[in-house]
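Structure first, then comments.
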Amino acid sequence: MIDELINLINHSNNIVVFTGAGVSTSSGIKDFRSKDGLYNMKYKYPVELILSHTFFINDTEEFYRFYKDKLNCVYKRPNICHKYLKKLEDLGKLKGIITQNIDGLHTKAGCKKVYELHGTIYENYCMKCNKKYNHRIVFNSEEIPICKCGGIIKPNVVLYGEALNDKIMNESIKLISNSDLLIVIGTSLTVYPAASLVDFYKGKNLVIINRDDTNYNNKATLVINKDIKEVFEELDRRLYE
Ligand SMILES: [Zn+2]
């Protein structure tokens with residue numbers, strides 16, 4: 001199976017990658033939706049509720065308690081998967097990464113063209129005057145982070161009940177529809193509308209690398225149900241074959 005994937009990668013110079021939580025698990029970031037992930041953690045409210053727009057507005061303090069406690073991945077490092085993708089980008093083969101992750105690890109690995117569909121913890125803005133802030137003010141403040149103007153600072157992270165950024169969506173559609181090899185990594189493709197991006201792929205070969213089955217397995221040329229870290233360790237070892 002890996003041989004087949006290597007063959008596809010070797011024969012393409014227009015690869016696009018679509019990633020989800022599974023690429024970050026070996027960096028020590030828990031998958032929200034996995035059995036032992038955030039969604040099953042004992043907390044005062046269900047996680048999907050806390051991470052919703054309404055909750056942010058109504059109970060900003062509780063939102064931030066959770067956010068700072070569970071979503072701070074500032075000290076996490078890119079793993080072999082992020083690093084391998086950076087090498088593919090340097091080789092000119094990978095044209096872009098579309099990710100559902102908010103951990104910023106693709107950018108940290110040095111990848112240049114990264115579309116973060118659900119935003120990133122590294123960008124924050126004042127809801128009143130729109131002034132931009134980095135992650136420090138959010139993670140360092142004891143209470144709700146407040147702008148100089150008095151407005152509440154909100155992470156540029158797409159919460160439940162919020163729309164995805166149109167520009168990022170459109171750029172992602174363009175990238176996917178022009179690619180000739182789409183590799184989906186570490187996502188079960190169940191979160192919409194992000195997952196629907198795969199429908200815009202017109203190329204011949206769709207590869208899915210994920211521990212569990214996905215909704216798109218029947219459309220894929222190649223499905224690898226293996227541990228992501230193992231797959232990328234092997235791909236990395238054999239990159240210049
Ligand atoms: Zn402000």
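Just remember, in the structure tokens the first chain shown is A, the second B, etc., residues are 1-based per chain, and ligands are 1-based in the order shown.
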Problem - Nearby polymer residues, ligand 1, at most 8 Å, only C-alpha atoms and all ligand atoms, as number ranges by chain - result: A: 125-131, 146-153
Please, could you write that set of residues out with C-alpha atoms as a PDB file, in the first residue's frame?
```
ATOM      1  CA  TYR A 125      -9.043  40.045  17.346  1.00  0.00           C
ATOM      2  CA  CYS A 126     -11.043  42.638  19.239  1.00  0.00           C
ATOM      3  CA  MET A 127     -14.762  42.214  18.619  1.00  0.00           C
ATOM      4  CA  LYS A 128     -15.248  45.983  18.877  1.00  0.00           C
ATOM      5  CA  CYS A 129     -12.387  47.676  17.006  1.00  0.00           C
ATOM      6  CA  ASN A 130     -11.018  44.619  15.166  1.00  0.00           C
ATOM      7  CA  LYS A 131      -7.474  45.160  16.412  1.00  0.00           C
ATOM      8  CA  ILE A 146      -9.822  42.730  26.844  1.00  0.00           C
ATOM      9  CA  CYS A 147      -8.626  45.149  24.165  1.00  0.00           C
ATOM     10  CA  LYS A 148      -7.360  48.639  24.956  1.00  0.00           C
ATOM     11  CA  CYS A 149     -10.654  49.959  23.601  1.00  0.00           C
ATOM     12  CA  GLY A 150     -12.592  47.887  26.127  1.00  0.00           C
ATOM     13  CA  GLY A 151     -13.843  45.305  23.609  1.00  0.00           C
ATOM     14  CA  ILE A 152     -13.615  41.561  24.200  1.00  0.00           C
ATOM     15  CA  ILE A 153     -10.831  39.746  22.358  1.00  0.00           C
TER      16      ILE A 153
END
```
Practice task
Please provide as a list in words all residues within 10 Å of Leu235 of chain A, with the sequence filter that same-chain residues fewer than 2 positions apart are discarded (counting only C-alpha atoms).
Solution key: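 So, after excluding close chain neighbours, the residues are Ile2, Asp3, Leu5, Ile6, Ile9, Ile80, Cys81, Tyr84, Lys229, Glu230, Val231, Phe232, Glu233, Arg237, Arg238, Leu239, Tyr240 and Glu241 of chain A.
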Could the residues in this selection be saved with N, CA, C and O atoms as a PDB file, in the first residue's frame?
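Writing done, so here's selection-v5.pdb:
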```
ATOM      1  N   ILE A   2       1.892   1.247   0.830  1.00  0.00           N
ATOM      2  CA  ILE A   2       2.787   2.407   0.883  1.00  0.00           C
ATOM      3  C   ILE A   2       3.488   2.557  -0.473  1.00  0.00           C
ATOM      4  O   ILE A   2       3.675   3.671  -0.962  1.00  0.00           O
ATOM      5  N   ASP A   3       3.842   1.414  -1.079  1.00  0.00           N
ATOM      6  CA  ASP A   3       4.485   1.474  -2.399  1.00  0.00           C
ATOM      7  C   ASP A   3       3.593   2.196  -3.398  1.00  0.00           C
ATOM      8  O   ASP A   3       4.060   3.002  -4.200  1.00  0.00           O
ATOM      9  N   LEU A   5       1.289   4.383  -2.754  1.00  0.00           N
ATOM     10  CA  LEU A   5       1.242   5.811  -2.404  1.00  0.00           C
ATOM     11  C   LEU A   5       2.510   6.531  -2.877  1.00  0.00           C
ATOM     12  O   LEU A   5       2.443   7.614  -3.456  1.00  0.00           O
ATOM     13  N   ILE A   6       3.655   5.898  -2.655  1.00  0.00           N
ATOM     14  CA  ILE A   6       4.920   6.499  -3.090  1.00  0.00           C
ATOM     15  C   ILE A   6       4.925   6.684  -4.604  1.00  0.00           C
ATOM     16  O   ILE A   6       5.330   7.725  -5.126  1.00  0.00           O
ATOM     17  N   ILE A   9       2.767   9.672  -5.437  1.00  0.00           N
ATOM     18  CA  ILE A   9       3.452  10.920  -5.069  1.00  0.00           C
ATOM     19  C   ILE A   9       4.575  11.223  -6.073  1.00  0.00           C
ATOM     20  O   ILE A   9       4.722  12.355  -6.540  1.00  0.00           O
ATOM     21  N   ILE A  80       6.417  14.125  12.474  1.00  0.00           N
ATOM     22  CA  ILE A  80       6.947  13.621  11.197  1.00  0.00           C
ATOM     23  C   ILE A  80       6.015  13.907  10.005  1.00  0.00           C
ATOM     24  O   ILE A  80       6.485  14.178   8.897  1.00  0.00           O
ATOM     25  N   CYS A  81       4.722  13.870  10.249  1.00  0.00           N
ATOM     26  CA  CYS A  81       3.761  14.125   9.171  1.00  0.00           C
ATOM     27  C   CYS A  81       3.866  15.576   8.682  1.00  0.00           C
ATOM     28  O   CYS A  81       4.004  15.837   7.487  1.00  0.00           O
ATOM     29  N   TYR A  84       7.295  16.005   6.945  1.00  0.00           N
ATOM     30  CA  TYR A  84       7.347  15.375   5.620  1.00  0.00           C
ATOM     31  C   TYR A  84       6.627  16.260   4.589  1.00  0.00           C
ATOM     32  O   TYR A  84       7.125  16.465   3.476  1.00  0.00           O
ATOM     33  N   LYS A 229       1.508   8.111  12.086  1.00  0.00           N
ATOM     34  CA  LYS A 229       2.928   8.318  12.376  1.00  0.00           C
ATOM     35  C   LYS A 229       3.765   7.264  11.636  1.00  0.00           C
ATOM     36  O   LYS A 229       4.770   7.597  11.007  1.00  0.00           O
ATOM     37  N   GLU A 230       3.316   6.005  11.711  1.00  0.00           N
ATOM     38  CA  GLU A 230       4.063   4.929  11.028  1.00  0.00           C
ATOM     39  C   GLU A 230       4.119   5.160   9.527  1.00  0.00           C
ATOM     40  O   GLU A 230       5.160   4.991   8.894  1.00  0.00           O
ATOM     41  N   VAL A 231       2.981   5.540   8.954  1.00  0.00           N
ATOM     42  CA  VAL A 231       2.933   5.784   7.511  1.00  0.00           C
ATOM     43  C   VAL A 231       3.939   6.858   7.116  1.00  0.00           C
ATOM     44  O   VAL A 231       4.713   6.700   6.166  1.00  0.00           O
ATOM     45  N   PHE A 232       3.970   7.960   7.882  1.00  0.00           N
ATOM     46  CA  PHE A 232       4.839   9.070   7.493  1.00  0.00           C
ATOM     47  C   PHE A 232       6.304   8.832   7.821  1.00  0.00           C
ATOM     48  O   PHE A 232       7.185   9.370   7.144  1.00  0.00           O
ATOM     49  N   GLU A 233       6.548   8.013   8.819  1.00  0.00           N
ATOM     50  CA  GLU A 233       7.944   7.641   9.067  1.00  0.00           C
ATOM     51  C   GLU A 233       8.487   6.885   7.854  1.00  0.00           C
ATOM     52  O   GLU A 233       9.606   7.126   7.406  1.00  0.00           O
ATOM     53  N   ARG A 237      11.355   8.187   5.213  1.00  0.00           N
ATOM     54  CA  ARG A 237      12.570   7.372   4.983  1.00  0.00           C
ATOM     55  C   ARG A 237      12.803   7.139   3.496  1.00  0.00           C
ATOM     56  O   ARG A 237      13.926   7.095   3.039  1.00  0.00           O
ATOM     57  N   ARG A 238      11.700   7.023   2.776  1.00  0.00           N
ATOM     58  CA  ARG A 238      11.818   6.661   1.368  1.00  0.00           C
ATOM     59  C   ARG A 238      11.575   7.836   0.413  1.00  0.00           C
ATOM     60  O   ARG A 238      11.319   7.639  -0.774  1.00  0.00           O
ATOM     61  N   LEU A 239      11.684   9.063   0.951  1.00  0.00           N
ATOM     62  CA  LEU A 239      11.338  10.252   0.157  1.00  0.00           C
ATOM     63  C   LEU A 239      12.169  10.395  -1.113  1.00  0.00           C
ATOM     64  O   LEU A 239      11.666  10.768  -2.161  1.00  0.00           O
ATOM     65  N   TYR A 240      13.441  10.085  -1.027  1.00  0.00           N
ATOM     66  CA  TYR A 240      14.302  10.340  -2.202  1.00  0.00           C
ATOM     67  C   TYR A 240      14.602   9.063  -2.985  1.00  0.00           C
ATOM     68  O   TYR A 240      15.586   8.992  -3.701  1.00  0.00           O
ATOM     69  N   GLU A 241      13.763   8.071  -2.825  1.00  0.00           N
ATOM     70  CA  GLU A 241      13.950   6.798  -3.535  1.00  0.00           C
ATOM     71  C   GLU A 241      13.979   6.987  -5.038  1.00  0.00           C
ATOM     72  O   GLU A 241      13.201   7.769  -5.558  1.00  0.00           O
TER      73      GLU A 241
END
```
Practice task
Any chance you could list, as an MDAnalysis selection string, the residues in segment 79-239 of chain A that come up strand (DSSP E or B) when DSSP is run on the backbone?
Solution key: chainID A and resid 94:99 114:116 119:126 132:133 146 152:157 160 181:185 205:209 222:224
Contact table segment 125-210 of chain A vs segment 71-75 of chain A, cut-off 10 Å, shortest pair per residue, only C-alpha atoms, as a Markdown table:
```
| residue | atom | partner | partner_atom | distance |
| --- | --- | --- | --- | --- |
| A:His135 | CA | A:Val74 | CA | 8.3 |
| A:Arg136 | CA | A:Val74 | CA | 9.3 |
| A:Val138 | CA | A:Asn72 | CA | 9.7 |
| A:Phe139 | CA | A:Asn72 | CA | 7.3 |
```
With N, CA, C and O atoms kept, could you save the residues just selected as a PDB file, in the first residue's frame?
```
ATOM      1  N   HIS A 135      -1.471  35.156  20.271  1.00  0.00           N
ATOM      2  CA  HIS A 135      -2.019  34.230  21.264  1.00  0.00           C
ATOM      3  C   HIS A 135      -1.673  34.606  22.700  1.00  0.00           C
ATOM      4  O   HIS A 135      -2.342  34.190  23.636  1.00  0.00           O
ATOM      5  N   ARG A 136      -0.601  35.390  22.886  1.00  0.00           N
ATOM      6  CA  ARG A 136      -0.106  35.617  24.245  1.00  0.00           C
ATOM      7  C   ARG A 136      -1.123  36.294  25.148  1.00  0.00           C
ATOM      8  O   ARG A 136      -1.334  35.870  26.281  1.00  0.00           O
ATOM      9  N   VAL A 138      -4.194  36.202  25.082  1.00  0.00           N
ATOM     10  CA  VAL A 138      -5.282  35.293  25.447  1.00  0.00           C
ATOM     11  C   VAL A 138      -4.834  34.293  26.507  1.00  0.00           C
ATOM     12  O   VAL A 138      -5.467  34.138  27.546  1.00  0.00           O
ATOM     13  N   PHE A 139      -3.711  33.628  26.249  1.00  0.00           N
ATOM     14  CA  PHE A 139      -3.288  32.572  27.163  1.00  0.00           C
ATOM     15  C   PHE A 139      -2.645  33.119  28.444  1.00  0.00           C
ATOM     16  O   PHE A 139      -2.554  32.411  29.438  1.00  0.00           O
TER      17      PHE A 139
END
```
Practice task
Select, from A:Pro145, A:Gly20, A:Gly92, A:Pro155, the residue with the minimum atom-to-atom distance to His53 of chain A, counting only C-alpha atoms.
Solution key: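 Between A:Pro145, A:Gly20, A:Gly92, A:Pro155, the residue approaching His53 of chain A most closely is A:Pro155.
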Exercise for the section: Might you pull out every residue within 10 Å of Cys111 of chain A, with only C-alpha atoms counted and same-chain residues fewer than 4 positions away left off, and present them as a PyMOL selection string? Expected result: chain A and resi 82-83+85-90+94+96-97+105-107
Could you please take those selected residues and save C-alpha atoms as an mmCIF file, in the first residue's frame?
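File written: out-v3.cif
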```
data_model
loop_
_atom_site.group_PDB
_atom_site.id
_atom_site.type_symbol
_atom_site.label_atom_id
_atom_site.label_comp_id
_atom_site.auth_asym_id
_atom_site.auth_seq_id
_atom_site.Cartn_x
_atom_site.Cartn_y
_atom_site.Cartn_z
ATOM 1 C CA HIS A 82 3.993 17.948 9.269
ATOM 2 C CA LYS A 83 7.737 17.755 8.544
ATOM 3 C CA LEU A 85 4.697 17.625 4.060
ATOM 4 C CA LYS A 86 7.067 20.576 4.369
ATOM 5 C CA LYS A 87 9.672 18.581 2.407
ATOM 6 C CA LEU A 88 7.097 17.800 -0.293
ATOM 7 C CA GLU A 89 6.313 21.515 -0.514
ATOM 8 C CA ASP A 90 10.010 22.357 -0.834
ATOM 9 C CA LEU A 94 2.835 19.812 -2.756
ATOM 10 C CA GLY A 96 -1.028 23.470 -0.600
ATOM 11 C CA ILE A 97 -2.437 22.174 2.651
ATOM 12 C CA LEU A 105 1.458 23.033 13.357
ATOM 13 C CA HIS A 106 1.660 23.004 9.544
ATOM 14 C CA THR A 107 2.792 26.626 9.642
#
```
Practice task
Can you check which residues of segment 31-140 of chain A DSSP gives as helix (DSSP H, G or I) on the backbone and send them as a ChimeraX atom specification?
Solution key: /A:38-40,47-50,53-58,60-70,80-90,105-108,135-140
With N, CA and C atoms retained, export the selected residues as a compact mmCIF listing (two decimals), in the first residue's frame.
```txt
# COMPACT_ATOMS: atom_id res chain seq x y z
N LEU A 38 -11.46 15.21 23.73
CA LEU A 38 -12.14 16.26 24.47
C LEU A 38 -13.63 16.03 24.67
N TYR A 39 -14.25 15.45 23.65
CA TYR A 39 -15.71 15.34 23.71
C TYR A 39 -16.19 14.36 24.76
N ASN A 40 -15.30 13.56 25.26
CA ASN A 40 -15.71 12.63 26.29
C ASN A 40 -15.16 13.00 27.65
N VAL A 47 -18.72 19.71 25.46
CA VAL A 47 -17.71 20.51 24.76
C VAL A 47 -18.27 21.23 23.53
N GLU A 48 -19.16 20.56 22.82
CA GLU A 48 -19.73 21.20 21.63
C GLU A 48 -20.52 22.45 21.98
N LEU A 49 -21.04 22.46 23.19
CA LEU A 49 -21.79 23.64 23.65
C LEU A 49 -20.80 24.76 24.02
N ILE A 50 -19.77 24.38 24.77
CA ILE A 50 -18.79 25.40 25.19
C ILE A 50 -18.13 26.06 23.98
N HIS A 53 -20.72 29.56 19.34
CA HIS A 53 -20.78 31.03 19.30
C HIS A 53 -21.66 31.57 20.42
N THR A 54 -22.82 30.96 20.59
CA THR A 54 -23.77 31.41 21.62
C THR A 54 -23.14 31.35 23.00
N PHE A 55 -22.43 30.24 23.26
CA PHE A 55 -21.80 30.09 24.57
C PHE A 55 -20.72 31.16 24.79
N PHE A 56 -19.96 31.41 23.73
CA PHE A 56 -18.91 32.43 23.84
C PHE A 56 -19.52 33.78 24.24
N ILE A 57 -20.64 34.12 23.62
CA ILE A 57 -21.29 35.40 23.90
C ILE A 57 -21.91 35.40 25.31
N ASN A 58 -22.56 34.30 25.67
CA ASN A 58 -23.31 34.27 26.92
C ASN A 58 -22.47 33.99 28.16
N THR A 60 -18.67 34.07 28.41
CA THR A 60 -17.31 34.24 27.90
C THR A 60 -16.27 33.75 28.92
N GLU A 61 -16.55 33.97 30.17
CA GLU A 61 -15.61 33.59 31.22
C GLU A 61 -15.41 32.07 31.26
N GLU A 62 -16.49 31.34 31.23
CA GLU A 62 -16.42 29.88 31.24
C GLU A 62 -15.79 29.36 29.95
N PHE A 63 -16.13 30.01 28.83
CA PHE A 63 -15.52 29.65 27.55
C PHE A 63 -14.00 29.74 27.67
N TYR A 64 -13.53 30.86 28.19
CA TYR A 64 -12.08 31.06 28.27
C TYR A 64 -11.41 30.12 29.28
N ARG A 65 -12.13 29.75 30.31
CA ARG A 65 -11.56 28.80 31.27
C ARG A 65 -11.26 27.49 30.54
N PHE A 66 -12.22 27.06 29.76
CA PHE A 66 -12.07 25.82 29.00
C PHE A 66 -11.00 25.98 27.90
N TYR A 67 -11.14 27.05 27.16
CA TYR A 67 -10.24 27.29 26.02
C TYR A 67 -8.77 27.30 26.45
N LYS A 68 -8.48 28.02 27.53
CA LYS A 68 -7.10 28.14 27.99
C LYS A 68 -6.59 26.83 28.58
N ASP A 69 -7.51 26.09 29.16
CA ASP A 69 -7.16 24.83 29.80
C ASP A 69 -6.94 23.72 28.76
N LYS A 70 -7.79 23.65 27.76
CA LYS A 70 -7.78 22.50 26.85
C LYS A 70 -7.24 22.79 25.45
N ILE A 80 6.42 14.13 12.47
CA ILE A 80 6.95 13.62 11.20
C ILE A 80 6.01 13.91 10.01
N CYS A 81 4.72 13.87 10.25
CA CYS A 81 3.76 14.12 9.17
C CYS A 81 3.87 15.58 8.68
N HIS A 82 3.84 16.53 9.64
CA HIS A 82 3.99 17.95 9.27
C HIS A 82 5.33 18.18 8.56
N LYS A 83 6.40 17.52 9.08
CA LYS A 83 7.74 17.75 8.54
C LYS A 83 7.89 17.18 7.14
N TYR A 84 7.29 16.00 6.95
CA TYR A 84 7.35 15.38 5.62
C TYR A 84 6.63 16.26 4.59
N LEU A 85 5.47 16.78 4.99
CA LEU A 85 4.70 17.62 4.06
C LEU A 85 5.48 18.89 3.69
N LYS A 86 6.22 19.41 4.64
CA LYS A 86 7.07 20.58 4.37
C LYS A 86 8.12 20.21 3.30
N LYS A 87 8.68 19.01 3.41
CA LYS A 87 9.67 18.58 2.41
C LYS A 87 9.02 18.46 1.03
N LEU A 88 7.80 17.92 1.00
CA LEU A 88 7.10 17.80 -0.29
C LEU A 88 6.83 19.18 -0.89
N GLU A 89 6.54 20.15 -0.03
CA GLU A 89 6.31 21.51 -0.51
C GLU A 89 7.61 22.09 -1.07
N ASP A 90 8.71 21.87 -0.37
CA ASP A 90 10.01 22.36 -0.83
C ASP A 90 10.39 21.75 -2.18
N LEU A 105 0.23 23.84 13.48
CA LEU A 105 1.46 23.03 13.36
C LEU A 105 2.01 22.93 11.93
N HIS A 106 1.14 23.02 10.92
CA HIS A 106 1.66 23.00 9.54
C HIS A 106 2.51 24.25 9.30
N THR A 107 2.05 25.38 9.79
CA THR A 107 2.79 26.63 9.64
C THR A 107 4.09 26.57 10.45
N LYS A 108 3.99 26.00 11.65
CA LYS A 108 5.18 25.86 12.49
C LYS A 108 6.23 24.98 11.84
N HIS A 135 -1.47 35.16 20.27
CA HIS A 135 -2.02 34.23 21.26
C HIS A 135 -1.67 34.61 22.70
N ARG A 136 -0.60 35.39 22.89
CA ARG A 136 -0.11 35.62 24.25
C ARG A 136 -1.12 36.29 25.15
N ILE A 137 -1.75 37.33 24.62
CA ILE A 137 -2.70 38.07 25.47
C ILE A 137 -3.83 37.16 25.94
N VAL A 138 -4.19 36.20 25.08
CA VAL A 138 -5.28 35.29 25.45
C VAL A 138 -4.83 34.29 26.51
N PHE A 139 -3.71 33.63 26.25
CA PHE A 139 -3.29 32.57 27.16
C PHE A 139 -2.64 33.12 28.44
N ASN A 140 -2.19 34.36 28.40
CA ASN A 140 -1.57 34.92 29.61
C ASN A 140 -2.53 35.68 30.51
```
Exercise for the section: Identify which of the residues A:Val198, A:Tyr133, A:Val157, A:Thr25 lies closest to Ile98 of chain A, counting only C-alpha atoms when measuring atom-to-atom distances. Expected result: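 The closest residue to Ile98 of chain A is A:Val198.
Taking atom CA of Leu181 of chain A and atom CA of Leu91 of chain A as the two end points, the separation is 15.2 Å.
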